[in-house]
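upload_22.txt follows; it contains compact mmCIF, C-alpha atoms.
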```txt
# COMPACT_ATOMS: atom_id res chain seq x y z
CA MET E 208 130.30 110.66 95.84
CA ASP E 209 132.77 107.89 96.71
CA PHE E 210 130.43 105.41 98.36
CA SER E 211 133.33 103.23 99.56
CA LEU E 212 134.55 105.99 101.89
CA LEU E 213 131.33 105.95 103.91
CA HIS E 214 131.13 104.00 107.18
CA PRO E 215 129.14 100.73 106.83
CA ALA E 216 126.39 102.08 109.11
CA ASP E 217 126.03 105.19 106.94
CA GLN E 218 125.94 103.11 103.77
CA LEU E 219 123.16 100.94 105.18
CA VAL E 220 121.08 103.93 106.24
CA MET E 221 121.56 105.69 102.88
CA ILE E 222 120.61 102.69 100.76
CA MET E 223 117.68 101.67 102.95
CA ASN E 224 116.40 105.22 102.70
CA ARG E 225 116.59 105.06 98.91
CA ILE E 226 114.81 101.71 98.82
CA TYR E 227 112.06 102.90 101.16
CA THR E 228 111.48 106.33 99.60
CA ARG E 229 111.25 104.76 96.14
CA GLY E 230 108.51 102.44 97.41
CA MET E 231 110.52 99.24 97.01
CA THR E 232 109.98 98.05 100.58
CA THR E 233 107.69 98.78 103.52
CA THR E 234 108.17 100.10 107.05
CA SER E 235 108.82 96.63 108.44
CA GLY E 236 110.10 94.87 105.32
CA GLY E 237 113.57 94.21 103.98
CA ASN E 238 117.05 94.10 105.47
CA LEU E 239 120.58 94.95 104.38
CA SER E 240 124.02 93.96 105.56
CA ILE E 241 127.68 94.67 104.87
CA ARG E 242 130.63 92.45 105.74
CA ASP E 243 133.64 94.66 106.39
CA ASN E 244 137.28 93.78 105.77
CA SER E 245 137.71 92.49 109.32
CA GLY E 246 134.90 89.97 108.84
CA ASP E 247 132.36 91.78 111.04
CA VAL E 248 128.83 92.07 109.67
CA TRP E 249 126.82 95.30 109.96
CA ILE E 250 123.07 94.74 109.55
CA THR E 251 119.80 96.63 109.79
CA PRO E 252 117.82 96.02 113.01
CA ALA E 253 114.62 94.10 113.65
CA GLY E 254 111.39 95.99 114.24
CA ILE E 255 112.63 99.52 113.45
CA ASP E 256 110.78 101.83 111.05
CA LYS E 257 112.69 101.79 107.76
CA GLY E 258 111.55 105.35 107.11
CA THR E 259 113.35 106.75 110.17
CA LEU E 260 116.44 104.54 110.30
CA THR E 261 119.61 106.20 111.69
CA ARG E 262 123.24 105.10 111.95
CA GLY E 263 122.69 104.48 115.68
CA ASP E 264 120.11 101.80 114.82
CA ILE E 265 122.56 99.66 112.85
CA VAL E 266 123.72 96.45 114.54
CA ARG E 267 127.25 95.06 114.44
CA VAL E 268 127.79 91.29 114.56
CA ARG E 269 131.44 90.49 115.20
CA LYS E 270 133.23 87.49 113.73
CA ASP E 271 132.95 85.67 117.07
CA GLY E 272 129.15 86.13 117.07
CA THR E 273 129.06 88.99 119.60
CA VAL E 274 126.20 91.39 118.87
CA GLU E 275 126.68 95.13 119.45
CA GLY E 276 123.97 97.76 119.16
CA GLU E 277 120.83 99.23 120.65
CA HIS E 278 118.55 96.74 118.89
CA ALA E 279 118.37 93.10 117.93
CA PRO E 280 119.66 92.33 114.44
CA SER E 281 117.22 91.55 111.64
CA SER E 282 115.45 88.23 112.05
CA GLU E 283 116.88 87.32 108.65
CA LEU E 284 120.45 87.43 109.98
CA PRO E 285 120.80 83.63 109.55
CA PHE E 286 120.53 83.77 105.77
CA HIS E 287 122.84 86.79 105.55
CA MET E 288 125.49 84.85 107.44
CA ALA E 289 124.83 81.75 105.34
CA VAL E 290 125.35 83.72 102.13
CA TYR E 291 128.64 85.15 103.39
CA ARG E 292 129.86 81.68 104.38
CA SER E 293 129.02 80.32 100.94
CA ARG E 294 130.51 83.25 99.01
CA PRO E 295 133.71 84.80 100.45
CA ASP E 296 133.79 87.23 97.50
CA LEU E 297 130.59 88.98 98.58
CA HIS E 298 130.62 91.94 100.96
CA ALA E 299 126.96 92.99 100.89
CA VAL E 300 123.55 91.33 100.98
CA LEU E 301 120.27 93.06 100.12
CA HIS E 302 116.84 91.61 100.84
CA ALA E 303 113.56 93.37 100.03
CA HIS E 304 110.00 92.85 98.82
CA PRO E 305 109.52 95.17 95.81
CA HIS E 306 106.15 94.93 94.10
CA ALA E 307 107.09 93.55 90.69
CA LEU E 308 109.65 91.01 91.88
CA VAL E 309 107.25 89.83 94.57
CA ALA E 310 104.70 89.35 91.77
CA PHE E 311 107.18 87.03 90.05
CA SER E 312 107.91 85.26 93.34
CA ILE E 313 104.24 84.48 93.97
CA VAL E 314 103.76 83.02 90.49
CA ARG E 315 107.16 81.34 90.89
CA LYS E 316 108.65 82.56 87.64
CA LEU E 317 111.87 84.40 86.86
CA PRO E 318 111.75 87.80 85.16
CA SER E 319 113.36 88.33 81.76
CA LEU E 320 116.93 89.62 81.73
CA SER E 321 116.81 90.42 78.01
CA LEU E 322 114.53 93.43 77.70
CA PHE E 323 117.36 95.98 77.93
CA PRO E 324 121.16 95.83 77.59
CA SER E 325 121.66 97.31 81.08
CA VAL E 326 119.66 94.45 82.60
CA GLY E 327 121.65 91.81 80.75
CA ARG E 328 124.94 93.45 81.74
CA SER E 329 124.28 93.90 85.45
CA CYS E 330 121.72 91.26 86.44
CA LYS E 331 123.42 87.91 85.97
CA GLY E 332 123.07 84.57 87.67
CA ILE E 333 119.42 84.70 88.78
CA SER E 334 117.77 81.62 90.30
CA LEU E 335 114.72 80.61 92.33
CA ALA E 336 114.89 79.28 95.91
CA ALA E 337 112.13 77.09 97.32
CA TYR E 338 109.88 78.54 100.01
CA ASP E 339 110.72 78.13 103.68
CA LEU E 340 110.03 79.79 107.01
CA PRO E 341 111.40 83.37 107.19
CA GLY E 342 114.32 83.65 109.59
CA SER E 343 114.88 79.90 109.70
CA ASP E 344 118.18 78.09 109.18
CA ARG E 345 116.41 76.02 106.52
CA LEU E 346 115.68 79.10 104.45
CA GLY E 347 119.25 80.28 104.94
CA GLU E 348 120.55 76.96 103.66
CA LYS E 349 118.33 77.07 100.57
CA ILE E 350 119.42 80.61 99.73
CA ALA E 351 123.09 79.88 100.42
CA ASN E 352 122.97 76.82 98.15
CA GLN E 353 121.84 79.02 95.24
CA PHE E 354 124.65 81.48 95.91
CA ALA E 355 127.17 78.66 96.24
CA ALA E 356 126.07 77.43 92.81
CA GLY E 357 126.97 80.80 91.32
CA SER E 358 123.83 82.93 91.61
CA ASP E 359 124.14 86.57 92.65
CA ILE E 360 120.36 87.11 92.58
CA VAL E 361 118.00 84.68 94.29
CA LEU E 362 114.24 85.07 94.00
CA LEU E 363 112.46 83.50 96.99
CA GLU E 364 109.19 81.70 96.38
CA ASN E 365 106.31 83.67 97.95
CA HIS E 366 108.69 86.05 99.67
CA GLY E 367 110.98 88.51 97.84
CA LEU E 368 114.55 88.44 96.65
CA VAL E 369 118.13 88.39 97.91
CA ILE E 370 121.03 90.02 96.06
CA GLY E 371 124.71 89.67 96.87
CA GLY E 372 127.38 92.11 95.73
CA GLU E 373 131.00 93.06 96.16
CA SER E 374 129.62 96.30 97.62
CA LEU E 375 126.26 97.52 98.87
CA PHE E 376 125.98 100.05 96.06
CA ARG E 377 126.59 97.31 93.50
CA ALA E 378 123.85 95.18 95.09
CA PHE E 379 121.51 98.17 95.09
CA MET E 380 122.23 98.96 91.44
CA ILE E 381 121.33 95.39 90.49
CA PHE E 382 118.22 95.54 92.67
CA GLU E 383 116.96 98.81 91.23
CA THR E 384 117.66 97.72 87.64
CA LEU E 385 115.99 94.33 88.06
CA GLU E 386 112.89 95.67 89.83
CA SER E 387 112.46 98.33 87.15
CA SER E 388 112.77 95.73 84.39
CA ALA E 389 110.40 93.32 86.17
CA ARG E 390 107.83 96.07 86.61
CA LEU E 391 108.22 97.03 82.97
CA GLU E 392 107.67 93.42 81.94
CA THR E 393 104.38 93.24 83.83
CA ILE E 394 103.19 96.43 82.10
CA ALA E 395 104.46 95.45 78.66
CA ARG E 396 102.78 92.04 78.73
CA ARG E 397 99.42 93.77 79.13
CA LEU E 398 100.19 96.21 76.32
CA GLY E 399 101.39 93.99 73.49
CA THR E 400 103.75 91.24 72.40
CA VAL E 401 107.01 91.51 74.33
CA ARG E 402 110.23 91.54 72.29
CA GLU E 403 113.42 90.29 73.97
CA LEU E 404 116.96 90.95 72.79
CA ASN E 405 119.08 88.08 71.53
CA PRO E 406 122.73 87.60 72.63
CA SER E 407 124.16 89.31 69.54
CA GLN E 408 121.95 92.35 70.13
CA LEU E 409 122.91 92.48 73.79
CA SER E 410 126.60 92.46 72.86
CA LEU E 411 126.17 95.58 70.70
CA SER E 412 125.85 97.73 73.80
CA GLU E 413 129.41 97.02 74.92
CA THR E 414 130.74 100.18 73.29
CA ARG E 415 134.06 101.53 74.53
CA SER E 416 134.70 104.57 72.32
CA HIS E 417 134.09 106.91 75.26
CA LEU E 418 137.14 105.38 76.96
CA THR E 419 139.55 106.08 74.08
CA MET E 420 139.14 109.85 73.91
CA ASP E 421 142.18 112.05 74.56
CA ASP E 422 142.17 114.43 77.50
CA ILE E 423 141.96 118.20 77.30
CA GLU E 424 142.48 120.77 80.04
CA PHE E 425 139.84 123.49 80.31
CA ASN E 426 141.39 126.45 82.11
CA THR E 427 138.39 128.79 82.05
CA ARG E 428 134.71 128.34 82.92
CA SER E 429 132.19 130.73 81.42
CA THR E 430 129.05 131.71 83.28
CA GLU E 431 127.16 129.92 80.49
CA GLU E 432 128.93 126.67 81.38
CA LEU E 433 128.42 127.11 85.12
CA ALA E 434 124.71 127.76 84.65
CA ALA E 435 124.37 124.74 82.35
CA ARG E 436 126.10 122.45 84.86
CA ARG E 437 123.79 123.69 87.62
CA ASP E 438 120.66 123.20 85.52
CA MET E 439 121.74 119.76 84.35
CA VAL E 440 122.31 118.54 87.90
CA THR E 441 118.90 119.88 88.97
CA LEU E 442 117.08 118.03 86.19
CA ILE E 443 119.18 114.86 86.44
CA GLN E 444 118.32 114.52 90.13
CA ARG E 445 114.67 115.35 89.40
CA SER E 446 114.61 112.71 86.69
CA TYR E 447 115.93 110.11 89.10
CA THR E 448 113.35 111.05 91.72
CA GLN E 449 110.57 110.83 89.13
CA GLY E 450 111.77 107.43 87.90
CA LEU E 451 112.66 108.60 84.41
CA PHE E 452 115.89 106.62 84.77
CA ASN E 453 117.77 104.73 87.49
CA ALA E 454 121.07 105.06 89.33
CA THR E 455 123.54 104.58 86.47
CA ASN E 456 121.44 104.94 83.31
CA GLY E 457 120.23 108.03 81.51
CA THR E 458 122.25 110.64 79.64
CA TYR E 459 121.76 114.42 79.51
CA SER E 460 123.83 116.82 77.44
CA VAL E 461 123.92 120.53 76.65
CA ARG E 462 125.80 122.26 73.83
CA LEU E 463 127.63 125.45 74.75
CA SER E 464 128.10 128.41 72.43
CA ASP E 465 131.78 127.54 71.78
CA GLY E 466 130.74 124.16 70.37
CA SER E 467 131.78 122.11 73.37
CA VAL E 468 129.32 119.69 74.99
CA LEU E 469 128.53 119.06 78.65
CA ILE E 470 127.38 115.48 79.25
CA THR E 471 126.61 113.17 82.15
CA PRO E 472 129.51 111.00 83.35
CA TYR E 473 129.85 107.30 82.74
CA ASN E 474 128.76 104.99 85.56
CA LYS E 475 128.10 107.70 88.16
CA ASP E 476 125.15 107.50 90.51
CA ARG E 477 122.49 109.83 89.04
CA ALA E 478 120.91 110.40 92.45
CA TYR E 479 124.01 112.19 93.75
CA VAL E 480 125.64 113.62 90.63
CA GLN E 481 127.16 117.06 91.24
CA VAL E 482 128.26 119.91 88.99
CA GLU E 483 131.90 118.77 89.17
CA ASP E 484 130.91 115.31 87.84
CA ILE E 485 129.54 116.66 84.55
CA VAL E 486 132.04 116.07 81.71
CA ARG E 487 132.95 118.71 79.14
CA VAL E 488 133.87 117.44 75.67
CA LYS E 489 135.26 119.45 72.76
CA ASP E 490 136.65 118.48 69.36
CA GLY E 491 136.60 114.79 70.26
CA MET E 492 138.54 115.28 73.52
CA LYS E 493 137.20 114.86 77.05
CA GLU E 494 137.78 116.88 80.20
CA ARG E 495 140.90 115.59 81.94
CA GLY E 496 140.35 112.88 84.54
CA LYS E 497 136.70 112.24 83.65
CA THR E 498 134.83 109.73 81.51
CA PRO E 499 131.77 110.84 79.53
CA SER E 500 128.66 108.77 78.91
CA ARG E 501 129.07 106.03 76.33
CA ALA E 502 126.44 107.92 74.26
CA ILE E 503 128.79 110.84 73.62
CA LEU E 504 129.35 110.06 69.92
CA LEU E 505 125.60 109.96 69.28
CA HIS E 506 125.09 113.31 70.99
CA GLU E 507 127.98 114.92 69.08
CA ARG E 508 126.62 113.62 65.78
CA ILE E 509 123.14 115.03 66.44
CA TYR E 510 124.58 118.41 67.41
CA SER E 511 126.74 118.51 64.28
CA ARG E 512 123.69 118.03 62.03
CA HIS E 513 121.32 120.35 63.90
CA PRO E 514 122.64 123.80 64.93
CA ASP E 515 119.25 124.64 66.50
CA ILE E 516 119.43 121.74 68.99
CA LYS E 517 120.97 122.79 72.30
CA ALA E 518 120.12 119.80 74.51
CA ILE E 519 119.67 116.04 74.14
CA LEU E 520 118.26 113.59 76.70
CA VAL E 521 118.35 109.80 76.62
CA ALA E 522 116.16 108.16 79.26
CA HIS E 523 114.20 105.01 80.09
CA PRO E 524 110.84 105.89 81.71
CA ILE E 525 108.84 102.79 82.40
CA HIS E 526 105.60 103.34 80.45
CA LEU E 527 107.39 104.62 77.36
CA MET E 528 109.68 101.61 77.55
CA ALA E 529 106.63 99.36 77.55
CA PHE E 530 106.01 100.68 74.03
CA ALA E 531 109.73 100.24 73.23
CA VAL E 532 109.78 96.53 74.13
CA THR E 533 106.48 95.59 72.47
CA ASP E 534 104.75 95.91 69.13
CA ALA E 535 102.40 98.55 70.58
CA VAL E 536 102.32 101.85 68.65
CA PHE E 537 103.07 105.05 70.54
CA ASP E 538 100.97 107.82 68.98
CA PRO E 539 101.10 111.17 70.84
CA ARG E 540 97.97 112.57 69.18
CA THR E 541 96.10 112.18 72.46
CA ILE E 542 95.80 115.70 73.87
CA PRO E 543 96.98 119.00 72.33
CA GLU E 544 99.99 119.36 74.66
CA SER E 545 101.28 115.92 73.74
CA TYR E 546 101.00 116.53 70.01
CA ILE E 547 102.43 120.07 70.14
CA LEU E 548 105.55 118.97 72.03
CA LEU E 549 106.10 115.51 70.54
CA ARG E 550 104.64 115.74 67.03
CA GLU E 551 105.53 112.54 65.14
CA ILE E 552 107.68 110.24 67.25
CA GLN E 553 109.22 107.35 65.33
CA LYS E 554 110.16 103.97 66.75
CA ILE E 555 113.50 102.78 65.38
CA PRO E 556 115.20 99.35 65.52
CA PHE E 557 117.42 98.59 68.52
CA GLU E 558 120.55 98.14 66.41
CA THR E 559 120.35 101.66 64.99
CA ILE E 560 121.57 103.40 68.13
CA TYR E 561 124.76 101.29 68.09
CA GLN E 562 125.35 100.81 64.37
CA ASP E 563 123.98 103.86 62.53
CA ILE E 564 124.08 107.07 64.53
CA ASP E 565 124.09 109.02 61.25
CA LYS E 566 120.60 107.71 60.56
CA ILE E 567 119.42 108.82 63.98
CA ALA E 568 120.82 112.29 63.40
CA ASP E 569 119.06 112.42 60.01
CA LEU E 570 115.71 111.26 61.39
CA ILE E 571 115.52 114.05 63.95
CA ASN E 572 113.88 117.26 62.73
CA GLN E 573 111.19 119.75 63.76
CA ARG E 574 108.44 117.25 63.03
CA THR E 575 110.31 114.46 64.80
CA PRO E 576 112.02 115.97 67.86
CA ALA E 577 112.13 112.63 69.67
CA LEU E 578 112.80 108.99 68.80
CA LEU E 579 111.79 105.81 70.58
CA VAL E 580 114.49 103.15 70.34
CA GLU E 581 113.33 99.54 70.57
CA ASN E 582 114.46 97.87 73.83
CA ASP E 583 116.65 100.83 74.71
CA SER E 584 115.47 104.38 75.33
CA ILE E 585 113.67 107.55 74.36
CA ILE E 586 115.81 110.30 72.79
CA THR E 587 114.41 113.81 73.15
CA THR E 588 115.91 117.02 71.81
CA GLY E 589 115.23 120.69 72.37
CA ASN E 590 116.38 124.24 71.74
CA SER E 591 117.02 124.35 75.48
CA LEU E 592 117.58 121.87 78.27
CA LEU E 593 114.17 122.67 79.72
CA GLN E 594 112.39 122.02 76.42
CA ALA E 595 114.12 118.65 75.98
CA PHE E 596 113.18 117.74 79.57
CA ASP E 597 109.59 118.90 79.06
CA ARG E 598 109.36 116.64 76.03
CA LEU E 599 110.63 113.71 78.09
CA GLU E 600 108.08 114.32 80.86
CA VAL E 601 105.22 114.78 78.40
CA ALA E 602 106.22 111.64 76.48
CA GLU E 603 106.12 109.54 79.65
CA ALA E 604 102.84 111.12 80.77
CA THR E 605 101.35 110.38 77.36
CA ALA E 606 102.55 106.78 77.43
CA THR E 607 101.09 106.35 80.92
CA SER E 608 97.70 107.68 79.80
CA LEU E 609 97.72 105.44 76.72
CA TYR E 610 98.53 102.44 78.91
CA LEU E 611 95.78 103.25 81.40
CA SER E 612 93.27 103.76 78.60
CA HIS E 613 93.51 100.07 77.68
CA SER E 614 91.40 99.16 80.71
CA ILE E 615 88.71 101.72 79.86
CA GLY E 616 88.01 101.60 76.14
CA ASP E 617 89.31 102.30 72.65
CA VAL E 618 91.62 105.29 72.20
CA VAL E 619 90.26 108.11 70.02
CA HIS E 620 93.12 110.18 68.62
CA ILE E 621 92.88 113.81 67.60
CA LYS E 622 91.61 113.89 64.01
CA LYS E 623 93.53 115.09 60.94
CA ASP E 624 91.54 118.31 60.55
CA GLN E 625 92.09 119.05 64.25
CA ILE E 626 95.83 118.46 63.78
CA LYS E 627 95.85 120.97 60.91
CA GLU E 628 94.10 123.45 63.19
CA LEU E 629 96.75 122.91 65.89
CA ASN E 630 99.56 123.30 63.36
CA LYS E 631 98.14 126.61 62.17
CA ALA E 632 97.36 127.96 65.64
CA PHE E 633 100.79 127.14 67.08
CA GLY E 634 102.89 127.78 63.97
CA LEU E 635 103.94 124.13 63.54
CA ASN E 636 105.34 122.94 60.22
```

Taking this structure as input, can you express it in the form of structure tokens?
Amino acid sequence: MDFSLLHPADQLVMIMNRIYTRGMTTTSGGNLSIRDNSGDVWITPAGIDKGTLTRGDIVRVRKDGTVEGEHAPSSELPFHMAVYRSRPDLHAVLHAHPHALVAFSIVRKLPSLSLFPSVGRSCKGISLAAYDLPGSDRLGEKIANQFAAGSDIVLLENHGLVIGGESLFRAFMIFETLESSARLETIARRLGTVRELNPSQLSLSETRSHLTMDDIEFNTRSTEELAARRDMVTLIQRSYTQGLFNATNGTYSVRLSDGSVLITPYNKDRAYVQVEDIVRVKDGMKERGKTPSRAILLHERIYSRHPDIKAILVAHPIHLMAFAVTDAVFDPRTIPESYILLREIQKIPFETIYQDIDKIADLINQRTPALLVENDSIITTGNSLLQAFDRLEVAEATATSLYLSHSIGDVVHIKKDQIKELNKAFGLN
């Protein structure tokens, strides 16, 4: 989907719907705006249910101050206008009250931007604005001053946050990434000692090998490929809905019988990815006119070492990532299903996924079908796409149960003799 081709009113409705349905604002909370190329501002209305917003509800504020629409504009219009005056380069403003970032706002602290590379790359220039009356010119001035000083993300004391972007989708991507990381931080701090990435580690993620691949033209499409594209899109969209990854993170791939690989595209919105967006790669060349995920070399290396592996998923579900960013040990010997599907998951150093993909390929085997990468991701593999996805779901469910158990009592893992019994009963090596 080319978001830029949508009318401003349609963009506002689409993004507000995503924010509301993902539980990152309430019926009456939050507001969005877009400044179009003519200088007019389109903004969500005051007092309208965010769950039923339509394009006819959107309000247009012309450059001369004339208001057009069926409703009054958001009461926070003053700070939207103040941000636009202070930053001519911005064309969208997003304001909401998501749970985790509100938690930081009411303790008046800034969340870490160093838990994951994606957070460090996209969420830059965060600052804190002093409290003031909602809808007031004073609040608008305080927010605008932070933007004028170079911030693109402003956390409001005892209120929420404001994000500015060159587009509404860009602002939303930052918002979703930051809220997910903030929520993760609150979970991780109750689980163990949080480990942040240093600048040199953060820079490792700036890989560009996926951009240097030659193009290849695929003139035929087998039914195997068509079915794989369909199934990938189904599970990618399901993964986004379930929060297993966010708009532009998360990589799924499937190996076809001719040795080529289908993989998610680079920097495409996972919520709306379609079969035509999936990228086919073969013999180090990519499908003409498309860009594969930056993880393509890792996936190809794993496939080359393991003929039995037909699918690989890389994702970032929040409770698993709490184990990835702390010293807490993730041990799936909790219930039989978890052990049978996950076996012996290893946690590997962050640098490995960028500096030693051969080691990752070597570590994966029948006893270790998944790897947890510090401050990065979970890698799951399977003899089918569904099995790899099942492992991902079960891993996150297991991590969630382990996290919840901390408030109840000490975890009792399945014993060694019970593991032997499971191995024998289910034919596990």

Can you list every residue of segment 308-390 of chain E that has an atom at most 12 Å from segment 514-537 of chain E, with its nearest atom pair and the distance in Å to one decimal, using only C-alpha atoms, ordered by chain then number, as a Markdown table?
```
| residue | atom | partner | partner_atom | distance |
| --- | --- | --- | --- | --- |
| E:Ser319 | CA | E:Val532 | CA | 11.8 |
| E:Ser321 | CA | E:Val532 | CA | 10.1 |
| E:Leu322 | CA | E:Val532 | CA | 6.7 |
| E:Phe323 | CA | E:Val532 | CA | 8.5 |
| E:Pro324 | CA | E:His523 | CA | 11.8 |
| E:Ser325 | CA | E:His523 | CA | 10.8 |
| E:Thr384 | CA | E:His523 | CA | 11.1 |
| E:Glu386 | CA | E:Ile525 | CA | 11.1 |
| E:Ser387 | CA | E:Ile525 | CA | 7.5 |
| E:Ser388 | CA | E:Ile525 | CA | 8.3 |
| E:Ala389 | CA | E:Ile525 | CA | 10.3 |
| E:Arg390 | CA | E:Ile525 | CA | 8.0 |
```

All residues 9 Å or closer to His306 of chain E, only C-alpha atoms, same chain fewer than 2 positions away omitted, as a list in words
Gly230, Met231, Thr232, His304, Leu308, Val309, Ala310, Phe311, Gly367, Glu386 and Arg390 of chain E

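As for atom CA of Phe557 of chain E and atom CA of Glu581 of chain E, they are spaced 4.7 Å apart.
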
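Put simply, atom CA of His278 of chain E is 12.2 Å away from atom CA of Asp256 of chain E.
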
Quote the spacing between atom CA of Arg477 of chain E and atom CA of Leu592 of chain E in Å to one decimal place.
16.9 Å

Distance query Gly342 of chain E at most 10 Å, all atoms listed in the file, self and fewer than 3 positions along chain excluded, as a PyMOL selection string
chain E and resi 281-287+339+345-347

Write a file of the selected residues as a PDB file, keeping the file's coordinate frame, keeping C-alpha atoms.
```
ATOM      1  CA  SER E 281     117.220  91.550 111.640  1.00  0.00           C
ATOM      2  CA  SER E 282     115.450  88.230 112.050  1.00  0.00           C
ATOM      3  CA  GLU E 283     116.880  87.320 108.650  1.00  0.00           C
ATOM      4  CA  LEU E 284     120.450  87.430 109.980  1.00  0.00           C
ATOM      5  CA  PRO E 285     120.800  83.630 109.550  1.00  0.00           C
ATOM      6  CA  PHE E 286     120.530  83.770 105.770  1.00  0.00           C
ATOM      7  CA  HIS E 287     122.840  86.790 105.550  1.00  0.00           C
ATOM      8  CA  ASP E 339     110.720  78.130 103.680  1.00  0.00           C
ATOM      9  CA  ARG E 345     116.410  76.020 106.520  1.00  0.00           C
ATOM     10  CA  LEU E 346     115.680  79.100 104.450  1.00  0.00           C
ATOM     11  CA  GLY E 347     119.250  80.280 104.940  1.00  0.00           C
TER      12      GLY E 347
END
```

Name all residues at most 12 Å from segment 406-412 of chain E (count all atoms listed in the file; drop same-chain ones fewer than 3 positions away) and give them as a PyMOL selection string.
chain E and resi 320-329+402-403+415-416+501-502+556-563+581-583

With only C-alpha atoms counted, which protein, DNA or RNA residues have an atom no more than 10 Å from (95.1, 116.6, 66.0) in the file frame? Please answer as a VMD selection string.
chain E and resid 539 to 543 545 to 547 550 620 to 630

Which residues come within 9 Å of segment 417-428 of chain E, counting all atoms listed in the file, excluding same-chain residues fewer than 5 positions away, as number ranges by chain?
E: 433, 473, 487-489, 491-504

Selected residues written out, C-alpha atoms, as a compact mmCIF listing (two decimals), in the frame of the given file:
```txt
# COMPACT_ATOMS: atom_id res chain seq x y z
CA LEU E 433 128.42 127.11 85.12
CA TYR E 473 129.85 107.30 82.74
CA ARG E 487 132.95 118.71 79.14
CA VAL E 488 133.87 117.44 75.67
CA LYS E 489 135.26 119.45 72.76
CA GLY E 491 136.60 114.79 70.26
CA MET E 492 138.54 115.28 73.52
CA LYS E 493 137.20 114.86 77.05
CA GLU E 494 137.78 116.88 80.20
CA ARG E 495 140.90 115.59 81.94
CA GLY E 496 140.35 112.88 84.54
CA LYS E 497 136.70 112.24 83.65
CA THR E 498 134.83 109.73 81.51
CA PRO E 499 131.77 110.84 79.53
CA SER E 500 128.66 108.77 78.91
CA ARG E 501 129.07 106.03 76.33
CA ALA E 502 126.44 107.92 74.26
CA ILE E 503 128.79 110.84 73.62
CA LEU E 504 129.35 110.06 69.92
```

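Between Gly372 of chain E and the residues E:Pro295, E:Pro305, E:Pro215, E:Gly254, the shortest atom-to-atom distance, using all atoms listed in the file, involves E:Pro295.
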